[in-house]
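Chemist: Following this line is my_file23.csv, made up of CSV, C-alpha atoms:
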chain,number,residue,atom,x,y,z
D,10,MET,CA,-4.4,-11.4,2.0
D,11,LYS,CA,-1.1,-11.3,0.1
D,12,THR,CA,2.3,-11.1,1.8
D,13,GLY,CA,4.9,-8.6,0.6
D,14,LEU,CA,8.3,-7.4,1.6
D,15,PHE,CA,8.9,-3.7,2.3
D,16,CYS,CA,12.3,-2.7,1.1
D,17,ASN,CA,14.2,0.3,2.6
D,18,TYR,CA,17.7,-0.4,1.5
D,19,GLU,CA,19.2,0.2,5.0
D,20,ASN,CA,22.9,1.2,5.1
D,21,GLN,CA,23.6,0.3,8.7
D,22,HIS,CA,27.1,-1.0,7.8
D,23,GLN,CA,28.0,2.2,5.9
D,24,ASP,CA,28.6,0.2,2.8
D,25,ALA,CA,26.4,1.1,-0.2
D,26,ARG,CA,27.1,-1.9,-2.3
D,27,ARG,CA,26.5,-4.2,0.6
D,28,ALA,CA,23.2,-2.5,1.4
D,29,ILE,CA,21.9,-2.9,-2.2
D,30,PHE,CA,22.8,-6.5,-2.5
D,31,GLU,CA,21.6,-7.5,1.0
D,32,GLN,CA,18.2,-6.1,0.0
D,33,ALA,CA,18.3,-8.0,-3.2
D,34,THR,CA,19.1,-11.2,-1.2
D,35,LEU,CA,16.0,-10.6,0.9
D,36,VAL,CA,13.8,-10.1,-2.2
D,37,LYS,CA,15.0,-13.3,-3.8
D,38,HIS,CA,14.5,-15.2,-0.5
D,39,VAL,CA,10.9,-14.1,-0.1
D,40,GLU,CA,10.2,-14.9,-3.7
D,41,SER,CA,11.4,-18.5,-3.0
D,42,LEU,CA,9.1,-18.6,0.0
D,43,GLY,CA,6.1,-17.6,-2.2
D,44,PHE,CA,5.6,-14.0,-1.1
D,45,GLU,CA,3.5,-12.3,-3.8
D,46,GLU,CA,5.0,-8.7,-3.7
D,47,ALA,CA,8.0,-6.6,-2.9
D,48,TRP,CA,7.7,-2.8,-2.4
D,49,VAL,CA,10.6,-0.4,-2.7
D,50,THR,CA,10.7,3.0,-0.9
D,51,GLU,CA,12.1,6.3,-2.2
D,52,HIS,CA,14.5,8.2,0.0
D,53,HIS,CA,16.8,11.2,-0.7
D,54,PHE,CA,19.8,12.7,1.0
D,55,ASN,CA,19.7,9.9,3.6
D,56,GLU,CA,22.8,8.0,4.6
D,57,LEU,CA,20.7,5.3,6.2
D,58,ASN,CA,18.3,4.5,3.3
D,59,LEU,CA,19.9,4.2,-0.1
D,60,SER,CA,17.0,4.2,-2.5
D,61,PRO,CA,16.9,7.6,-4.2
D,62,SER,CA,16.8,6.0,-7.7
D,63,ILE,CA,13.8,3.8,-6.9
D,64,LEU,CA,13.0,2.8,-10.5
D,65,VAL,CA,16.7,1.9,-11.2
D,66,LEU,CA,16.7,-0.4,-8.1
D,67,MET,CA,13.5,-2.0,-9.3
D,68,ALA,CA,14.9,-2.6,-12.7
D,69,HIS,CA,17.7,-4.5,-11.0
D,70,LEU,CA,15.2,-6.5,-9.0
D,71,ALA,CA,13.2,-7.2,-12.2
D,72,GLY,CA,16.3,-9.0,-13.6
D,73,LEU,CA,16.8,-11.1,-10.5
D,74,THR,CA,13.2,-12.3,-10.0
D,75,SER,CA,10.6,-13.9,-12.1
D,76,THR,CA,7.3,-14.2,-10.2
D,77,ILE,CA,7.1,-11.7,-7.4
D,78,ARG,CA,5.3,-8.4,-8.2
D,79,LEU,CA,7.4,-5.3,-7.7
D,80,GLY,CA,5.8,-2.1,-6.3
D,81,THR,CA,6.9,1.4,-5.7
D,82,ALA,CA,6.2,2.6,-2.2
D,83,ALA,CA,6.2,5.2,-3.3
D,84,VAL,CA,7.3,7.4,-6.2
D,85,LEU,CA,7.4,10.9,-4.7
D,86,LEU,CA,5.7,12.5,-7.7
D,87,ALA,CA,6.1,16.1,-6.6
D,88,PHE,CA,9.8,15.8,-7.1
D,89,HIS,CA,9.8,14.3,-10.6
D,90,ASN,CA,8.9,15.2,-14.1
D,91,PRO,CA,5.7,13.2,-14.8
D,92,ILE,CA,6.5,12.7,-18.5
D,93,THR,CA,9.8,11.0,-17.5
D,94,VAL,CA,8.1,9.0,-14.8
D,95,ALA,CA,5.5,7.7,-17.3
D,96,GLU,CA,8.3,6.7,-19.7
D,97,ASP,CA,10.2,4.9,-17.0
D,98,ILE,CA,7.1,3.2,-15.5
D,99,ALA,CA,6.1,1.9,-19.0
D,100,THR,CA,9.6,0.6,-19.6
D,101,LEU,CA,9.9,-1.0,-16.2
D,102,ASP,CA,6.6,-2.8,-16.7
D,103,ASN,CA,8.0,-4.4,-19.8
D,104,LEU,CA,11.2,-5.3,-18.1
D,105,CYS,CA,9.5,-7.1,-15.3
D,106,ASN,CA,7.0,-8.8,-17.7
D,107,GLY,CA,3.9,-7.0,-16.4
D,108,ARG,CA,4.7,-7.4,-12.6
D,109,LEU,CA,4.7,-3.7,-11.8
D,110,LEU,CA,2.6,-2.0,-9.1
D,111,PHE,CA,2.7,1.8,-9.0
D,112,GLY,CA,2.5,3.4,-5.6
D,113,ILE,CA,2.6,7.2,-5.3
D,114,ALA,CA,2.9,9.7,-2.5
D,115,LYS,CA,3.7,13.4,-1.9
D,116,GLY,CA,6.4,12.6,0.6
D,117,GLY,CA,7.2,13.8,4.1
D,118,PRO,CA,8.1,14.7,6.7
D,119,PHE,CA,11.4,15.5,5.0
D,120,PRO,CA,12.0,19.3,4.7
D,121,GLN,CA,15.2,18.8,2.7
D,122,HIS,CA,13.2,17.1,-0.1
D,123,ASN,CA,11.0,20.1,-0.6
D,124,LYS,CA,13.9,22.5,-0.3
D,125,HIS,CA,16.3,20.9,-2.8
D,126,PHE,CA,13.6,19.8,-5.3
D,127,ALA,CA,12.2,23.4,-5.2
D,128,THR,CA,8.7,22.3,-4.2
D,129,PRO,CA,7.1,24.1,-1.3
D,130,THR,CA,5.3,21.7,1.1
D,131,SER,CA,2.1,23.6,0.4
D,132,GLU,CA,2.3,22.5,-3.3
D,133,SER,CA,3.4,18.9,-2.9
D,134,ARG,CA,-0.1,17.4,-2.8
D,135,ALA,CA,-1.5,19.4,-5.7
D,136,LYS,CA,1.6,18.6,-7.9
D,137,THR,CA,1.3,14.9,-7.0
D,138,LEU,CA,-2.3,14.6,-8.0
D,139,GLU,CA,-1.8,16.6,-11.2
D,140,ALA,CA,1.2,14.5,-12.1
D,141,ILE,CA,-0.6,11.2,-11.7
D,142,ALA,CA,-3.5,12.5,-13.8
D,143,LEU,CA,-1.1,13.3,-16.6
D,144,ILE,CA,0.8,10.0,-16.2
D,145,GLN,CA,-2.3,8.0,-16.5
D,146,LYS,CA,-3.1,9.7,-19.8
D,147,LEU,CA,0.4,9.3,-21.1
D,148,LEU,CA,0.5,5.6,-20.3
D,149,TYR,CA,-2.6,4.5,-22.1
D,150,GLU,CA,-3.5,7.2,-24.6
D,151,THR,CA,-1.9,8.7,-27.7
D,152,ASP,CA,-1.6,12.4,-28.8
D,153,VAL,CA,-2.1,13.6,-25.2
D,154,SER,CA,-2.6,17.3,-24.7
D,155,PHE,CA,-2.6,18.5,-21.1
D,156,ASN,CA,-2.8,22.0,-19.6
D,157,GLY,CA,-2.4,21.9,-15.9
D,158,GLN,CA,-1.2,24.3,-13.3
D,159,TYR,CA,2.2,22.7,-13.1
D,160,TYR,CA,2.5,20.4,-16.1
D,161,GLN,CA,1.7,20.8,-19.8
D,162,CYS,CA,2.1,18.8,-23.0
D,163,ASP,CA,0.8,19.1,-26.5
D,164,ARG,CA,-0.2,16.0,-28.6
D,165,LEU,CA,2.4,13.8,-26.9
D,166,THR,CA,2.7,10.1,-27.2
D,167,ILE,CA,5.2,8.1,-25.2
D,168,TYR,CA,6.8,4.8,-26.1
D,169,PRO,CA,6.9,2.0,-25.1
D,170,LYS,CA,3.4,1.5,-23.7
D,171,PRO,CA,3.1,-0.7,-20.6
D,172,LEU,CA,2.7,-4.4,-20.9
D,173,GLN,CA,-0.2,-4.5,-18.5
D,174,ARG,CA,-3.5,-3.1,-19.8
D,175,GLN,CA,-3.8,-1.1,-16.5
D,176,ILE,CA,-0.9,-0.9,-14.0
D,177,PRO,CA,-2.4,-1.0,-10.5
D,178,VAL,CA,-2.1,2.4,-8.8
D,179,TYR,CA,-1.8,2.8,-5.0
D,180,VAL,CA,-2.1,6.2,-3.2
D,181,ALA,CA,-0.5,6.9,0.2
D,182,SER,CA,-2.6,9.6,1.7
D,183,GLY,CA,-4.8,10.4,4.7
D,184,ASP,CA,-5.8,13.7,3.3
D,185,ASP,CA,-9.5,14.1,2.2
D,186,GLU,CA,-8.4,15.4,-1.2
D,187,GLY,CA,-6.0,12.5,-1.8
D,188,ILE,CA,-8.6,10.0,-0.6
D,189,GLY,CA,-11.2,11.5,-2.8
D,190,PHE,CA,-8.9,11.4,-5.8
D,191,ALA,CA,-8.1,7.7,-5.2
D,192,ALA,CA,-11.7,6.8,-4.8
D,193,LYS,CA,-12.8,8.7,-7.9
D,194,HIS,CA,-10.3,6.7,-10.0
D,195,SER,CA,-10.7,3.4,-8.1
D,196,PHE,CA,-7.0,3.5,-7.1
D,197,SER,CA,-5.9,1.4,-4.1
D,198,LEU,CA,-4.5,2.7,-0.8
D,199,MET,CA,-1.2,2.4,1.0
D,200,GLY,CA,-0.4,2.8,4.7
D,201,GLY,CA,3.1,3.2,6.0
D,202,PRO,CA,4.6,1.7,9.2
D,203,PRO,CA,4.0,4.7,11.5
D,204,PHE,CA,0.4,5.3,10.3
D,205,SER,CA,-1.9,4.7,13.3
D,206,LEU,CA,-4.7,2.2,13.1
D,207,GLU,CA,-7.2,5.0,13.8
D,208,ARG,CA,-5.9,7.0,10.8
D,209,LEU,CA,-6.0,4.0,8.5
D,210,LYS,CA,-9.6,3.1,9.6
D,211,ASN,CA,-10.7,6.7,8.9
D,212,THR,CA,-9.0,6.7,5.5
D,213,VAL,CA,-10.6,3.4,4.5
D,214,ALA,CA,-14.0,4.5,5.7
D,215,LYS,CA,-13.8,7.8,3.8
D,216,TYR,CA,-12.8,5.9,0.7
D,217,ARG,CA,-15.6,3.4,0.9
D,218,ALA,CA,-18.1,6.1,1.4
D,219,LEU,CA,-17.2,7.4,-2.0
D,220,ASN,CA,-16.3,4.1,-3.7
D,221,SER,CA,-17.3,0.7,-2.5
D,222,SER,CA,-14.6,-1.1,-4.5
D,223,GLY,CA,-10.8,-0.6,-4.4
D,224,ALA,CA,-10.2,0.0,-0.7
D,225,GLU,CA,-10.0,-3.8,-0.1
D,226,ASN,CA,-6.7,-3.6,-2.0
D,227,LEU,CA,-5.1,-1.7,0.9
D,228,MET,CA,-1.4,-2.3,1.2
D,229,LEU,CA,-0.2,-2.0,4.8
D,230,ALA,CA,3.5,-1.8,5.6
D,231,ARG,CA,4.7,-2.7,9.1
D,232,PHE,CA,8.0,-3.2,10.8
D,233,PHE,CA,8.4,-6.9,11.5
D,234,TYR,CA,10.4,-9.4,13.4
D,235,VAL,CA,9.2,-12.8,14.5
D,236,GLY,CA,11.4,-14.5,17.1
D,237,LYS,CA,11.4,-17.6,19.2
D,238,THR,CA,10.3,-15.4,22.1
D,239,SER,CA,8.8,-11.9,22.2
D,240,ASP,CA,11.7,-10.7,24.3
D,241,GLU,CA,14.1,-11.9,21.7
D,242,ALA,CA,12.1,-10.3,18.9
D,243,VAL,CA,11.9,-6.9,20.7
D,244,SER,CA,15.6,-7.0,21.6
D,245,GLU,CA,16.5,-7.7,18.0
D,246,ALA,CA,14.3,-5.1,16.4
D,247,LEU,CA,14.9,-2.3,19.0
D,248,PRO,CA,18.1,-0.8,17.5
D,249,PHE,CA,16.4,-0.3,14.2
D,250,ILE,CA,13.2,1.1,15.8
D,251,ARG,CA,15.2,3.5,18.0
D,252,GLN,CA,17.2,4.8,15.0
D,253,PHE,CA,14.0,5.3,12.9
D,254,SER,CA,12.2,7.0,15.8
D,255,GLN,CA,15.0,9.5,16.5
D,256,LYS,CA,15.4,10.5,12.9
D,257,MET,CA,11.7,10.8,12.1
D,258,THR,CA,11.0,12.7,15.4
D,259,ALA,CA,13.7,15.3,14.4
D,260,ASN,CA,12.3,15.6,10.9
D,261,SER,CA,8.7,16.0,12.0
D,262,ALA,CA,9.7,18.6,14.6
D,263,GLN,CA,11.5,20.6,11.9
D,264,LEU,CA,8.5,20.3,9.6
D,265,MET,CA,6.0,21.5,12.2
D,266,GLN,CA,8.3,24.4,13.2
D,267,ASN,CA,8.6,25.6,9.6
D,268,SER,CA,5.1,24.8,8.4
D,269,ALA,CA,2.9,27.7,7.2
D,270,ASN,CA,0.0,25.4,6.7
D,271,PRO,CA,-2.6,25.9,9.5
D,272,ASN,CA,-4.1,22.5,8.6
D,273,GLN,CA,-0.9,20.6,9.2
D,274,LYS,CA,-1.9,17.5,11.2
D,275,PRO,CA,0.1,16.9,14.4
D,276,PHE,CA,2.4,13.8,14.6
D,277,ASP,CA,0.7,11.9,17.4
D,278,ARG,CA,-0.8,8.6,18.2
D,279,THR,CA,-4.1,9.3,16.4
D,280,ASN,CA,-2.3,10.1,13.1
D,281,ILE,CA,1.4,9.3,12.6
D,282,CYS,CA,3.6,8.6,15.5
D,283,PHE,CA,7.3,7.9,15.9
D,284,ASP,CA,7.6,7.1,19.6
D,285,GLU,CA,9.6,3.9,20.3
D,286,ASP,CA,6.9,2.2,22.4
D,287,TYR,CA,4.2,3.1,19.9
D,288,LEU,CA,6.2,1.7,16.9
D,289,ILE,CA,6.9,-1.6,18.7
D,290,GLU,CA,3.3,-2.0,19.8
D,291,ASN,CA,1.9,-1.2,16.3
D,292,SER,CA,4.5,-3.3,14.4
D,293,ILE,CA,4.4,-7.0,13.9
D,294,ILE,CA,7.2,-7.8,16.4
D,295,GLY,CA,7.1,-10.7,18.8
D,296,ASP,CA,6.9,-14.4,19.1
D,297,VAL,CA,4.8,-16.5,16.7
D,298,ALA,CA,1.5,-16.2,18.7
D,299,THR,CA,1.9,-12.5,19.1
D,300,CYS,CA,2.6,-11.9,15.4
D,301,ARG,CA,-0.4,-14.0,14.5
D,302,ASP,CA,-2.7,-12.0,16.8
D,303,LYS,CA,-1.4,-8.7,15.6
D,304,ILE,CA,-1.9,-9.6,11.9
D,305,LYS,CA,-5.4,-10.9,12.6
D,306,LYS,CA,-6.3,-7.6,14.3
D,307,PHE,CA,-5.1,-5.6,11.2
D,308,GLN,CA,-7.1,-7.9,9.0
D,309,HIS,CA,-10.2,-7.6,11.0
D,310,GLU,CA,-10.0,-3.8,11.3
D,311,LEU,CA,-8.8,-3.0,7.7
D,312,ASP,CA,-9.6,-6.0,5.4
D,313,LEU,CA,-6.1,-6.0,4.1
D,314,GLY,CA,-5.2,-6.7,0.5
D,315,THR,CA,-1.4,-6.9,1.2
D,316,LEU,CA,0.7,-7.0,4.3
D,317,ALA,CA,4.2,-5.8,3.5
D,318,LEU,CA,6.8,-6.8,6.1
D,319,LYS,CA,9.8,-4.7,6.8
D,320,PRO,CA,12.4,-6.9,8.5
D,321,SER,CA,13.8,-5.0,11.5
D,322,SER,CA,17.0,-6.6,12.5
D,323,PHE,CA,20.4,-5.1,11.5
D,324,ASP,CA,21.6,-8.7,10.8
D,325,LEU,CA,20.8,-10.1,7.3
D,326,GLN,CA,20.9,-13.8,8.4
D,327,LYS,CA,18.5,-13.1,11.3
D,328,ASN,CA,16.1,-11.3,8.9
D,329,LEU,CA,16.2,-14.3,6.6
D,330,GLU,CA,15.5,-16.7,9.5
D,331,SER,CA,12.7,-14.4,10.7
D,332,LEU,CA,11.0,-14.4,7.3
D,333,THR,CA,11.3,-18.1,7.0
D,334,ARG,CA,9.8,-18.5,10.5
D,335,TYR,CA,6.9,-16.3,9.4
D,336,ASN,CA,6.4,-18.4,6.3
D,337,GLN,CA,6.4,-21.7,8.3
D,338,GLU,CA,4.6,-20.7,11.5
D,339,VAL,CA,2.6,-17.5,10.9
D,340,ARG,CA,1.5,-17.2,7.3
D,341,ASN,CA,-0.9,-20.1,7.1
D,342,TYR,CA,-2.6,-19.2,10.4
D,343,VAL,CA,-3.7,-15.7,9.5
When written as structure tokens, how does the structure in this file appear?

Modeler:
Amino acid sequence: MKTGLFCNYENQHQDARRAIFEQATLVKHVESLGFEEAWVTEHHFNELNLSPSILVLMAHLAGLTSTIRLGTAAVLLAFHNPITVAEDIATLDNLCNGRLLFGIAKGGPFPQHNKHFATPTSESRAKTLEAIALIQKLLYETDVSFNGQYYQCDRLTIYPKPLQRQIPVYVASGDDEGIGFAAKHSFSLMGGPPFSLERLKNTVAKYRALNSSGAENLMLARFFYVGKTSDEAVSEALPFIRQFSQKMTANSAQLMQNSANPNQKPFDRTNICFDEDYLIENSIIGDVATCRDKIKKFQHELDLGTLALKPSSFDLQKNLESLTRYNQEVRNYV
């Protein structure tokens, strides 16, 4: 199992420059600890998470690092022109010397995204899957012609081409269509911090029923804080957990209220849940022994490829100390 950092670019101090450079400090720190990957999230219209220009931020990280692999977690493809994304991804792979990992998602639950990017929620998944199909052709082929429902091109070749022969692709989806698409193309899977273990197990099982290879590369992101005691860890992480819970609960309620999709899954403890107690229990938060046990459970149930840790203190120094404690007292025991 590889260890990664999950990067949300939190702006808890209401200082954008500070948020950007504190996140860069965390990435450089975990690279020095030997972490293998750093994954950057995409958020829009959000005063608390300053990562709308995900590939720009990753280009910045590419210049600050030399060994750690850099992943998108994830590019929200329904809101981007896939031709531009293909050009940016290929350029970024060259900038980071072939260290790029390409994660994609349809996004949600964020109704403002769909509204302001003029993409109905009902179209997000179809646009995402069509976009990645076009991007894969543009990255590795020449004179590409494509005639999809949403995107078209005629004898198009993009430059530069990626440095890697094949940039690894990760798909964040619990939907049967998305899982089937990932399995068909041997893409890997991603699971976010609020995804329930039950949902993740079902996703992996469906994938493996279609394709016996690829699911072992599952990237699981989890909120994280390892403290000297479990009480200390929970106390330190709780303000972040509470803030996240309140915001996501409001977003999901708005989405359910406005959804015209009869198949819209509920946000509950069998799917995706934002309750405080659920998030703490299903995160890697506690003392050393507790964190070891929680990680071993995820490994046993999911056969993880990468565990991406999202430090959950609002204090940079405490997050650095927690990551160091993980490296010294947890990592070699799981």

Chemist: So what do you get for CA of Gln21 in chain D versus CA of Asn58 in chain D, distance-wise?

Modeler: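 So the two atoms, CA of Gln21 in chain D and CA of Asn58 in chain D, lie 8.7 Å apart.
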
Chemist: Using all atoms listed in the file, determine which residues lie at most 9 Å from Phe204 in chain D, disregarding the query and same-chain residues fewer than 5 positions distant; provide the list as a PDB file with C-alpha atoms, in the coordinates of the input.

Modeler:
ATOM      1  CA  LEU D 209      -6.000   4.000   8.500  1.00  0.00           C
ATOM      2  CA  ARG D 278      -0.800   8.600  18.200  1.00  0.00           C
ATOM      3  CA  THR D 279      -4.100   9.300  16.400  1.00  0.00           C
ATOM      4  CA  ASN D 280      -2.300  10.100  13.100  1.00  0.00           C
ATOM      5  CA  ILE D 281       1.400   9.300  12.600  1.00  0.00           C
ATOM      6  CA  CYS D 282       3.600   8.600  15.500  1.00  0.00           C
ATOM      7  CA  ASN D 291       1.900  -1.200  16.300  1.00  0.00           C
TER       8      ASN D 291
END

Chemist: Can you work out which one of D:Arg78, D:Lys136, D:Lys319, D:Lys11 has the shortest atom-to-atom distance to Thr50 in chain D, counting only C-alpha atoms?

Modeler: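 Of D:Arg78, D:Lys136, D:Lys319, D:Lys11, the one nearest Thr50 in chain D, counting only C-alpha atoms, is D:Lys319.
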
Chemist: Identify which of the residues D:Val213, D:Ser154, D:Leu227, D:Ala298 lies closest to Thr12 in chain D, counting all atoms listed in the file when measuring atom-to-atom distances.

Modeler: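 Ranked by minimum distance to Thr12 in chain D, first place goes to D:Leu227.
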
Chemist: As a PyMOL selection string, please: the residues near Ala87 in chain D (cut-off 10 Å, only C-alpha atoms, same-chain neighbours under 4 positions excluded).

Modeler: chain D and resi 91+113-116+122-123+126-130+132-141

Chemist: Go through D:Glu245, D:Ile294, D:Pro169, D:Leu110 and flag the residue nearest Leu325 in chain D, using all atoms listed in the file for the distances.

Modeler: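 Looking only at the distances to Leu325 in chain D, the closest residue turns out to be D:Glu245.
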
Chemist: N, CA and C atoms are what I want for range 84-96 of chain D; can you complete it accordingly and write them as a compact mmCIF listing (two decimals), in the coordinates of the input?

Modeler:
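What landed in result18.txt:
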# COMPACT_ATOMS: atom_id res chain seq x y z
N VAL D 84 6.72 6.34 -5.38
CA VAL D 84 7.30 7.40 -6.20
C VAL D 84 6.82 8.74 -5.62
N LEU D 85 7.74 9.62 -5.25
CA LEU D 85 7.40 10.90 -4.70
C LEU D 85 7.18 11.89 -5.86
N LEU D 86 5.97 11.89 -6.40
CA LEU D 86 5.70 12.50 -7.70
C LEU D 86 5.99 14.01 -7.74
N ALA D 87 5.85 14.69 -6.61
CA ALA D 87 6.10 16.10 -6.60
C ALA D 87 7.51 16.50 -6.97
N PHE D 88 8.41 15.53 -6.87
CA PHE D 88 9.80 15.80 -7.10
C PHE D 88 10.33 15.27 -8.43
N HIS D 89 9.42 14.86 -9.31
CA HIS D 89 9.80 14.30 -10.60
C HIS D 89 9.01 14.88 -11.73
N ASN D 90 9.60 14.87 -12.91
CA ASN D 90 8.90 15.20 -14.10
C ASN D 90 7.94 14.10 -14.49
N PRO D 91 6.63 14.31 -14.55
CA PRO D 91 5.70 13.20 -14.80
C PRO D 91 5.85 12.56 -16.16
N ILE D 92 6.33 13.29 -17.14
CA ILE D 92 6.50 12.70 -18.50
C ILE D 92 7.66 11.65 -18.37
N THR D 93 8.74 11.99 -17.68
CA THR D 93 9.80 11.00 -17.50
C THR D 93 9.37 9.84 -16.68
N VAL D 94 8.59 10.08 -15.62
CA VAL D 94 8.10 9.00 -14.80
C VAL D 94 7.23 8.04 -15.66
N ALA D 95 6.36 8.59 -16.49
CA ALA D 95 5.50 7.70 -17.30
C ALA D 95 6.36 6.87 -18.26
N GLU D 96 7.40 7.45 -18.86
CA GLU D 96 8.30 6.70 -19.70
C GLU D 96 9.00 5.57 -18.95
